[in-house]
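S.K.: Input final10.txt, format and content: compact mmCIF, N, CA, C and O atoms and all ligand atoms.
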# COMPACT_ATOMS: atom_id res chain seq x y z
N MET U 369 0.82 -1.20 0.00
CA MET U 369 0.00 0.00 0.00
C MET U 369 0.85 1.25 0.00
O MET U 369 0.59 2.21 0.69
N ASP U 370 1.89 1.20 -0.70
CA ASP U 370 2.82 2.33 -0.69
C ASP U 370 2.37 3.36 -1.72
O ASP U 370 3.01 3.59 -2.72
N VAL U 371 1.25 3.94 -1.45
CA VAL U 371 0.65 4.85 -2.42
C VAL U 371 1.51 6.10 -2.59
O VAL U 371 1.65 6.63 -3.68
N LYS U 372 2.05 6.54 -1.52
CA LYS U 372 2.77 7.80 -1.57
C LYS U 372 3.92 7.79 -2.57
O LYS U 372 4.21 8.78 -3.22
N ALA U 373 4.55 6.65 -2.69
CA ALA U 373 5.69 6.55 -3.60
C ALA U 373 5.25 6.53 -5.05
O ALA U 373 6.04 6.78 -5.94
N ARG U 374 3.97 6.26 -5.26
CA ARG U 374 3.50 6.11 -6.63
C ARG U 374 2.69 7.30 -7.12
O ARG U 374 2.18 7.29 -8.22
N GLY U 375 2.51 8.28 -6.31
CA GLY U 375 1.69 9.39 -6.75
C GLY U 375 1.97 10.63 -5.94
O GLY U 375 2.91 10.68 -5.16
N TYR U 376 1.13 11.63 -6.14
CA TYR U 376 1.30 12.87 -5.40
C TYR U 376 -0.06 13.54 -5.23
O TYR U 376 -1.01 13.22 -5.95
N ALA U 377 -0.13 14.43 -4.28
CA ALA U 377 -1.40 15.10 -4.02
C ALA U 377 -1.83 15.89 -5.24
O ALA U 377 -1.04 16.55 -5.89
N CYS U 378 -3.11 15.81 -5.53
CA CYS U 378 -3.64 16.47 -6.71
C CYS U 378 -3.54 17.99 -6.56
O CYS U 378 -3.99 18.55 -5.57
N PRO U 379 -2.96 18.66 -7.55
CA PRO U 379 -2.80 20.11 -7.48
C PRO U 379 -4.11 20.85 -7.72
O PRO U 379 -4.19 22.04 -7.45
N ARG U 380 -5.10 20.18 -8.24
CA ARG U 380 -6.36 20.86 -8.55
C ARG U 380 -7.32 20.80 -7.36
O ARG U 380 -7.80 21.82 -6.89
N CYS U 381 -7.61 19.62 -6.90
CA CYS U 381 -8.61 19.48 -5.84
C CYS U 381 -7.96 19.34 -4.47
O CYS U 381 -8.64 19.52 -3.46
N THR U 382 -6.70 19.01 -4.45
CA THR U 382 -5.90 18.86 -3.23
C THR U 382 -6.42 17.74 -2.32
O THR U 382 -5.87 17.53 -1.25
N VAL U 383 -7.44 17.07 -2.73
CA VAL U 383 -7.99 15.98 -1.93
C VAL U 383 -7.54 14.64 -2.46
O VAL U 383 -7.16 13.75 -1.72
N GLY U 384 -7.62 14.52 -3.76
CA GLY U 384 -7.29 13.26 -4.40
C GLY U 384 -5.79 13.08 -4.54
O GLY U 384 -4.99 13.90 -4.13
N ARG U 385 -5.47 11.97 -5.15
CA ARG U 385 -4.08 11.65 -5.37
C ARG U 385 -3.88 11.28 -6.82
O ARG U 385 -4.62 10.45 -7.37
N CYS U 386 -2.89 11.85 -7.43
CA CYS U 386 -2.58 11.54 -8.81
C CYS U 386 -1.64 10.34 -8.84
O CYS U 386 -0.56 10.37 -8.23
N THR U 387 -2.07 9.33 -9.52
CA THR U 387 -1.26 8.12 -9.61
C THR U 387 -0.99 7.79 -11.07
O THR U 387 -1.78 8.12 -11.95
N PRO U 388 0.13 7.13 -11.32
CA PRO U 388 0.48 6.81 -12.70
C PRO U 388 -0.46 5.79 -13.31
O PRO U 388 -0.69 4.74 -12.74
N GLN U 389 -1.00 6.16 -14.43
CA GLN U 389 -1.92 5.28 -15.15
C GLN U 389 -1.66 5.48 -16.64
O GLN U 389 -0.82 6.27 -17.02
N THR U 390 -2.44 4.77 -17.44
CA THR U 390 -2.35 5.02 -18.87
C THR U 390 -3.70 5.47 -19.37
O THR U 390 -4.74 5.03 -18.91
N THR U 391 -3.65 6.39 -20.32
CA THR U 391 -4.88 6.90 -20.92
C THR U 391 -4.57 7.27 -22.36
O THR U 391 -3.44 7.11 -22.82
N THR U 392 -5.56 7.75 -23.03
CA THR U 392 -5.33 8.19 -24.40
C THR U 392 -5.12 9.70 -24.42
O THR U 392 -5.99 10.45 -23.98
N PHE U 393 -3.97 10.09 -24.88
CA PHE U 393 -3.68 11.51 -24.99
C PHE U 393 -4.36 12.05 -26.23
O PHE U 393 -4.16 11.55 -27.34
N VAL U 394 -5.18 13.07 -26.03
CA VAL U 394 -5.87 13.68 -27.16
C VAL U 394 -5.69 15.17 -27.08
O VAL U 394 -5.87 15.78 -26.03
N ASP U 395 -5.32 15.75 -28.18
CA ASP U 395 -5.17 17.19 -28.21
C ASP U 395 -5.28 17.66 -29.65
O ASP U 395 -5.22 16.87 -30.59
N VAL U 396 -5.45 18.94 -29.80
CA VAL U 396 -5.47 19.52 -31.14
C VAL U 396 -4.30 20.46 -31.25
O VAL U 396 -4.10 21.33 -30.40
N TYR U 397 -3.53 20.24 -32.27
CA TYR U 397 -2.35 21.06 -32.43
C TYR U 397 -2.27 21.53 -33.87
O TYR U 397 -2.24 20.72 -34.79
N HIS U 398 -2.29 22.83 -34.04
CA HIS U 398 -2.26 23.41 -35.39
C HIS U 398 -3.36 22.81 -36.26
O HIS U 398 -3.15 22.50 -37.43
N GLY U 399 -4.52 22.63 -35.65
CA GLY U 399 -5.67 22.18 -36.41
C GLY U 399 -5.71 20.69 -36.67
O GLY U 399 -6.63 20.20 -37.32
N GLN U 400 -4.74 19.96 -36.12
CA GLN U 400 -4.76 18.53 -36.34
C GLN U 400 -5.09 17.82 -35.03
O GLN U 400 -4.58 18.17 -33.97
N LEU U 401 -5.93 16.84 -35.14
CA LEU U 401 -6.28 16.06 -33.96
C LEU U 401 -5.19 15.03 -33.70
O LEU U 401 -4.83 14.24 -34.57
N LEU U 402 -4.69 15.07 -32.48
CA LEU U 402 -3.68 14.10 -32.09
C LEU U 402 -4.30 13.10 -31.14
O LEU U 402 -5.02 13.47 -30.23
N SER U 403 -3.98 11.86 -31.33
CA SER U 403 -4.46 10.83 -30.42
C SER U 403 -3.36 9.81 -30.22
O SER U 403 -2.83 9.26 -31.18
N LYS U 404 -3.04 9.56 -28.99
CA LYS U 404 -1.97 8.62 -28.69
C LYS U 404 -2.42 7.71 -27.56
O LYS U 404 -2.42 8.11 -26.39
N PRO U 405 -2.82 6.51 -27.90
CA PRO U 405 -3.32 5.58 -26.88
C PRO U 405 -2.22 5.09 -25.94
O PRO U 405 -1.03 5.16 -26.28
N ASN U 406 -2.63 4.60 -24.81
CA ASN U 406 -1.70 3.99 -23.86
C ASN U 406 -0.56 4.91 -23.49
O ASN U 406 0.60 4.54 -23.48
N THR U 407 -0.93 6.14 -23.22
CA THR U 407 0.05 7.13 -22.83
C THR U 407 0.09 7.25 -21.31
O THR U 407 -0.94 7.30 -20.65
N ARG U 408 1.25 7.28 -20.79
CA ARG U 408 1.38 7.39 -19.34
C ARG U 408 1.00 8.79 -18.87
O ARG U 408 1.41 9.79 -19.45
N ALA U 409 0.25 8.81 -17.80
CA ALA U 409 -0.15 10.09 -17.23
C ALA U 409 -0.45 9.88 -15.76
O ALA U 409 -0.67 8.76 -15.29
N TYR U 410 -0.45 10.98 -15.02
CA TYR U 410 -0.87 10.93 -13.63
C TYR U 410 -2.31 11.43 -13.56
O TYR U 410 -2.60 12.53 -14.01
N ILE U 411 -3.17 10.61 -13.01
CA ILE U 411 -4.59 10.93 -13.00
C ILE U 411 -5.10 10.93 -11.56
O ILE U 411 -4.86 9.99 -10.80
N CYS U 412 -5.81 11.99 -11.23
CA CYS U 412 -6.38 12.13 -9.89
C CYS U 412 -7.54 11.16 -9.72
O CYS U 412 -8.40 11.06 -10.59
N ASP U 413 -7.58 10.50 -8.57
CA ASP U 413 -8.65 9.53 -8.35
C ASP U 413 -9.94 10.19 -7.88
O ASP U 413 -10.96 9.55 -7.73
N VAL U 414 -9.91 11.48 -7.64
CA VAL U 414 -11.11 12.17 -7.18
C VAL U 414 -11.70 13.05 -8.28
O VAL U 414 -12.86 12.89 -8.66
N CYS U 415 -10.91 13.98 -8.81
CA CYS U 415 -11.47 14.91 -9.80
C CYS U 415 -11.04 14.56 -11.22
O CYS U 415 -11.43 15.23 -12.16
N HIS U 416 -10.24 13.52 -11.36
CA HIS U 416 -9.80 13.03 -12.67
C HIS U 416 -8.94 14.05 -13.42
O HIS U 416 -8.90 14.06 -14.65
N PHE U 417 -8.31 14.89 -12.67
CA PHE U 417 -7.29 15.76 -13.25
C PHE U 417 -6.22 14.91 -13.91
O PHE U 417 -5.78 13.91 -13.34
N VAL U 418 -5.84 15.27 -15.11
CA VAL U 418 -4.84 14.49 -15.85
C VAL U 418 -3.61 15.34 -16.08
O VAL U 418 -3.70 16.47 -16.58
N GLU U 419 -2.51 14.80 -15.74
CA GLU U 419 -1.26 15.50 -15.99
C GLU U 419 -0.29 14.54 -16.68
O GLU U 419 0.11 13.54 -16.11
N PHE U 420 0.05 14.91 -17.89
CA PHE U 420 0.99 14.09 -18.63
C PHE U 420 2.41 14.49 -18.27
O PHE U 420 2.68 15.64 -17.95
N GLU U 421 3.27 13.53 -18.37
CA GLU U 421 4.66 13.81 -18.07
C GLU U 421 5.24 14.69 -19.17
O GLU U 421 5.05 14.45 -20.35
N ARG U 422 5.94 15.68 -18.75
CA ARG U 422 6.52 16.61 -19.72
C ARG U 422 7.48 15.90 -20.67
O ARG U 422 7.52 16.17 -21.86
N GLU U 423 8.20 14.95 -20.12
CA GLU U 423 9.14 14.21 -20.97
C GLU U 423 8.39 13.46 -22.07
O GLU U 423 8.85 13.38 -23.21
N MET U 424 7.25 12.92 -21.69
CA MET U 424 6.46 12.21 -22.68
C MET U 424 5.97 13.17 -23.76
O MET U 424 6.03 12.88 -24.95
N LEU U 425 5.49 14.33 -23.32
CA LEU U 425 5.00 15.31 -24.29
C LEU U 425 6.10 15.75 -25.24
O LEU U 425 5.90 15.83 -26.44
N GLU U 426 7.24 16.02 -24.68
CA GLU U 426 8.34 16.48 -25.52
C GLU U 426 8.75 15.41 -26.52
O GLU U 426 9.03 15.69 -27.68
N ALA U 427 8.76 14.17 -26.05
CA ALA U 427 9.10 13.08 -26.95
C ALA U 427 8.06 12.94 -28.06
O ALA U 427 8.38 12.71 -29.22
N LEU U 428 6.81 13.14 -27.67
CA LEU U 428 5.73 13.04 -28.64
C LEU U 428 5.85 14.13 -29.70
O LEU U 428 5.74 13.88 -30.89
N TRP U 429 6.08 15.34 -29.24
CA TRP U 429 6.19 16.44 -30.20
C TRP U 429 7.42 16.28 -31.09
O TRP U 429 7.37 16.58 -32.28
N ASP U 430 8.48 15.81 -30.50
CA ASP U 430 9.67 15.56 -31.31
C ASP U 430 9.37 14.56 -32.41
O ASP U 430 9.78 14.71 -33.56
N GLU U 431 8.63 13.55 -32.00
CA GLU U 431 8.29 12.50 -32.93
C GLU U 431 7.45 13.05 -34.08
O GLU U 431 7.62 12.70 -35.24
N LEU U 432 6.56 13.95 -33.74
CA LEU U 432 5.62 14.45 -34.74
C LEU U 432 6.17 15.62 -35.55
O LEU U 432 5.97 15.72 -36.74
N TYR U 433 6.84 16.50 -34.87
CA TYR U 433 7.15 17.78 -35.50
C TYR U 433 8.62 18.16 -35.44
O TYR U 433 9.03 19.13 -36.05
N GLY U 434 9.39 17.47 -34.63
CA GLY U 434 10.77 17.87 -34.49
C GLY U 434 10.90 19.11 -33.63
O GLY U 434 9.98 19.49 -32.91
N ASP U 435 12.02 19.76 -33.72
CA ASP U 435 12.31 20.87 -32.82
C ASP U 435 11.44 22.09 -33.08
O ASP U 435 11.32 22.96 -32.24
N VAL U 436 10.84 22.15 -34.23
CA VAL U 436 10.09 23.33 -34.61
C VAL U 436 8.99 23.64 -33.60
O VAL U 436 8.74 24.79 -33.27
N ALA U 437 8.36 22.60 -33.14
CA ALA U 437 7.16 22.78 -32.34
C ALA U 437 7.45 22.96 -30.85
O ALA U 437 6.56 23.25 -30.10
N ARG U 438 8.64 22.77 -30.46
CA ARG U 438 8.88 22.64 -29.04
C ARG U 438 8.43 23.85 -28.23
O ARG U 438 7.84 23.70 -27.17
N ASP U 439 8.65 25.02 -28.72
CA ASP U 439 8.26 26.19 -27.96
C ASP U 439 6.75 26.28 -27.80
O ASP U 439 6.24 26.70 -26.77
N ASP U 440 6.05 25.87 -28.82
CA ASP U 440 4.60 25.94 -28.76
C ASP U 440 4.01 24.87 -27.86
O ASP U 440 2.95 25.05 -27.29
N VAL U 441 4.71 23.78 -27.77
CA VAL U 441 4.18 22.64 -27.04
C VAL U 441 3.87 23.00 -25.59
O VAL U 441 2.81 22.71 -25.08
N GLN U 442 4.77 23.66 -24.96
CA GLN U 442 4.59 23.94 -23.55
C GLN U 442 3.40 24.87 -23.34
O GLN U 442 2.67 24.74 -22.38
N THR U 443 3.21 25.77 -24.27
CA THR U 443 2.06 26.66 -24.17
C THR U 443 0.77 25.87 -24.31
O THR U 443 -0.15 26.02 -23.51
N VAL U 444 0.73 25.03 -25.29
CA VAL U 444 -0.47 24.24 -25.52
C VAL U 444 -0.74 23.31 -24.34
O VAL U 444 -1.84 23.25 -23.82
N ALA U 445 0.28 22.62 -23.93
CA ALA U 445 0.10 21.63 -22.87
C ALA U 445 -0.25 22.30 -21.55
O ALA U 445 -1.05 21.78 -20.78
N GLY U 446 0.31 23.44 -21.30
CA GLY U 446 0.04 24.10 -20.05
C GLY U 446 -1.29 24.83 -20.04
O GLY U 446 -1.89 25.02 -19.00
N HIS U 447 -1.70 25.21 -21.21
CA HIS U 447 -2.93 25.99 -21.32
C HIS U 447 -4.16 25.11 -21.17
O HIS U 447 -5.11 25.46 -20.48
N LYS U 448 -4.11 24.00 -21.81
CA LYS U 448 -5.27 23.12 -21.77
C LYS U 448 -5.09 22.10 -20.66
O LYS U 448 -4.07 21.46 -20.57
N ARG U 449 -6.09 21.96 -19.89
CA ARG U 449 -5.97 21.07 -18.73
C ARG U 449 -6.22 19.63 -19.14
O ARG U 449 -5.32 18.87 -19.37
N SER U 450 -7.45 19.26 -19.26
CA SER U 450 -7.76 17.88 -19.57
C SER U 450 -8.81 17.87 -20.66
O SER U 450 -9.98 18.11 -20.40
N PRO U 451 -8.38 17.65 -21.85
CA PRO U 451 -9.25 17.79 -23.02
C PRO U 451 -10.55 16.99 -22.95
O PRO U 451 -11.62 17.57 -22.99
N THR U 452 -10.46 15.72 -22.83
CA THR U 452 -11.67 14.92 -22.98
C THR U 452 -11.79 13.79 -21.95
O THR U 452 -12.42 12.81 -22.19
N TYR U 453 -11.15 13.96 -20.82
CA TYR U 453 -11.18 12.87 -19.87
C TYR U 453 -12.20 13.10 -18.77
O TYR U 453 -12.64 14.21 -18.55
N GLY U 454 -12.51 12.06 -18.10
CA GLY U 454 -13.22 12.18 -16.84
C GLY U 454 -14.73 12.14 -16.96
O GLY U 454 -15.37 11.59 -16.09
N GLU U 455 -15.26 12.67 -17.99
CA GLU U 455 -16.72 12.68 -18.11
C GLU U 455 -17.16 11.39 -18.78
O GLU U 455 -16.92 11.17 -19.94
N GLY U 456 -17.81 10.59 -18.06
CA GLY U 456 -18.34 9.35 -18.62
C GLY U 456 -17.28 8.28 -18.67
O GLY U 456 -17.47 7.24 -19.21
ZN ZN N 1 -8.00 16.02 -7.96
Now that the file is in, can you turn its structure into structure tokens?

M.R.:
Amino acid sequence: MDVKARGYACPRCTVGRCTPQTTTFVDVYHGQLLSKPNTRAYICDVCHFVEFEREMLEALWDELYGDVARDDVQTVAGHKRSPTYGEG
């Protein structure tokens, strides 16, 4: 039951705990829909806040766009919280 080592207090609701899970990363970037199944993320067990690992995001953007997109990525990722998760 070593939950603490596997997660952290949720920054949004402060009640739940974000634990590593896999989900489908979905976002829109430059008008294109991106979908990446089985993506590692930390998800709150109470409010379903989703936080993807920055390293994963950077690797994803590198894969898709190379260095060109990197500056935009952080803006997009930080601006949008959780696109389509949690409801239903
Ligand atoms: Zn939460």

S.K.: Expressed in Å to a single decimal, how great is the separation between CA of Thr387 in chain U and atom N of Lys404 in chain U?

M.R.: 19.5 Å

S.K.: What does the structure give for the distance between atom O of Leu402 in chain U and atom C of Val383 in chain U, in Å to one decimal?

M.R.: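 The value is 27.9 Å.
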
S.K.: Hey, which residues come within 5 Å of ligand ZN 1 (chain N) if we count all atoms listed in the file? Could you give them as number ranges by chain?

M.R.: U: 378, 380-382, 384, 412, 414-417

S.K.: Here is a test: counting all atoms listed in the file, which residue of U:Pro388, U:Val396, U:Gly434, U:Ala377 is nearest to Ile411 in chain U?

M.R.: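 Closest to Ile411 in chain U, using all atoms listed in the file: U:Pro388.
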
S.K.: So that I can check the secondary structure, give me every residue of range 376-444 of chain U assigned helix (DSSP H, G or I) by backbone DSSP, as a list of chain:residue names.

M.R.: U:Arg422, U:Glu423, U:Met424, U:Leu425, U:Glu426, U:Ala427, U:Leu428, U:Trp429, U:Asp430, U:Glu431, U:Leu432, U:Tyr433, U:Gly434, U:Asp435, U:Val436, U:Ala437, U:Arg438, U:Asp439, U:Asp440, U:Val441, U:Gln442, U:Thr443, U:Val444

S.K.: Just how far from CA of Thr392 in chain U is CA of Ala427 in chain U, in Å to one decimal?

M.R.: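 These atoms are spaced 15.4 Å apart.
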
S.K.: Counting all atoms listed in the file, which residue out of U:Thr407, U:Tyr376, U:Glu419, U:Tyr433 sits closest to Gln389 in chain U?

M.R.: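 For Gln389 in chain U, the nearest of the candidates is U:Thr407.
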
S.K.: For a quick check of understanding, using all atoms listed in the file, which of U:Asn406, U:Arg422, U:Glu431, U:Asp413 has the smallest distance to Phe393 in chain U?

M.R.: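 The closest residue to Phe393 in chain U is U:Asn406.
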
S.K.: Draw an axis-aligned box over all listed atoms of range 386-396 of chain U, pad each side with 6 Å, and write its centre and edge lengths in Å, one decimal, as AutoDock Vina command-line options.

M.R.:
--center_x -2.8 --center_y 13.0 --center_z -19.3 --size_x 18.5 --size_y 28.6 --size_z 35.8

S.K.: Taking all atoms listed in the file into account, which of U:Ala409, U:Gln400, U:Glu426, U:Asp395 comes nearest Arg374 in chain U?

M.R.: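 Of U:Ala409, U:Gln400, U:Glu426, U:Asp395, the one nearest Arg374 in chain U, counting all atoms listed in the file, is U:Ala409.
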
S.K.: In terms of the shortest atom-to-atom distance over only N, CA, C and O atoms, which of U:Glu421, U:Trp429, U:Gly375, U:Pro405 is closest to Thr390 in chain U?

M.R.: U:Pro405
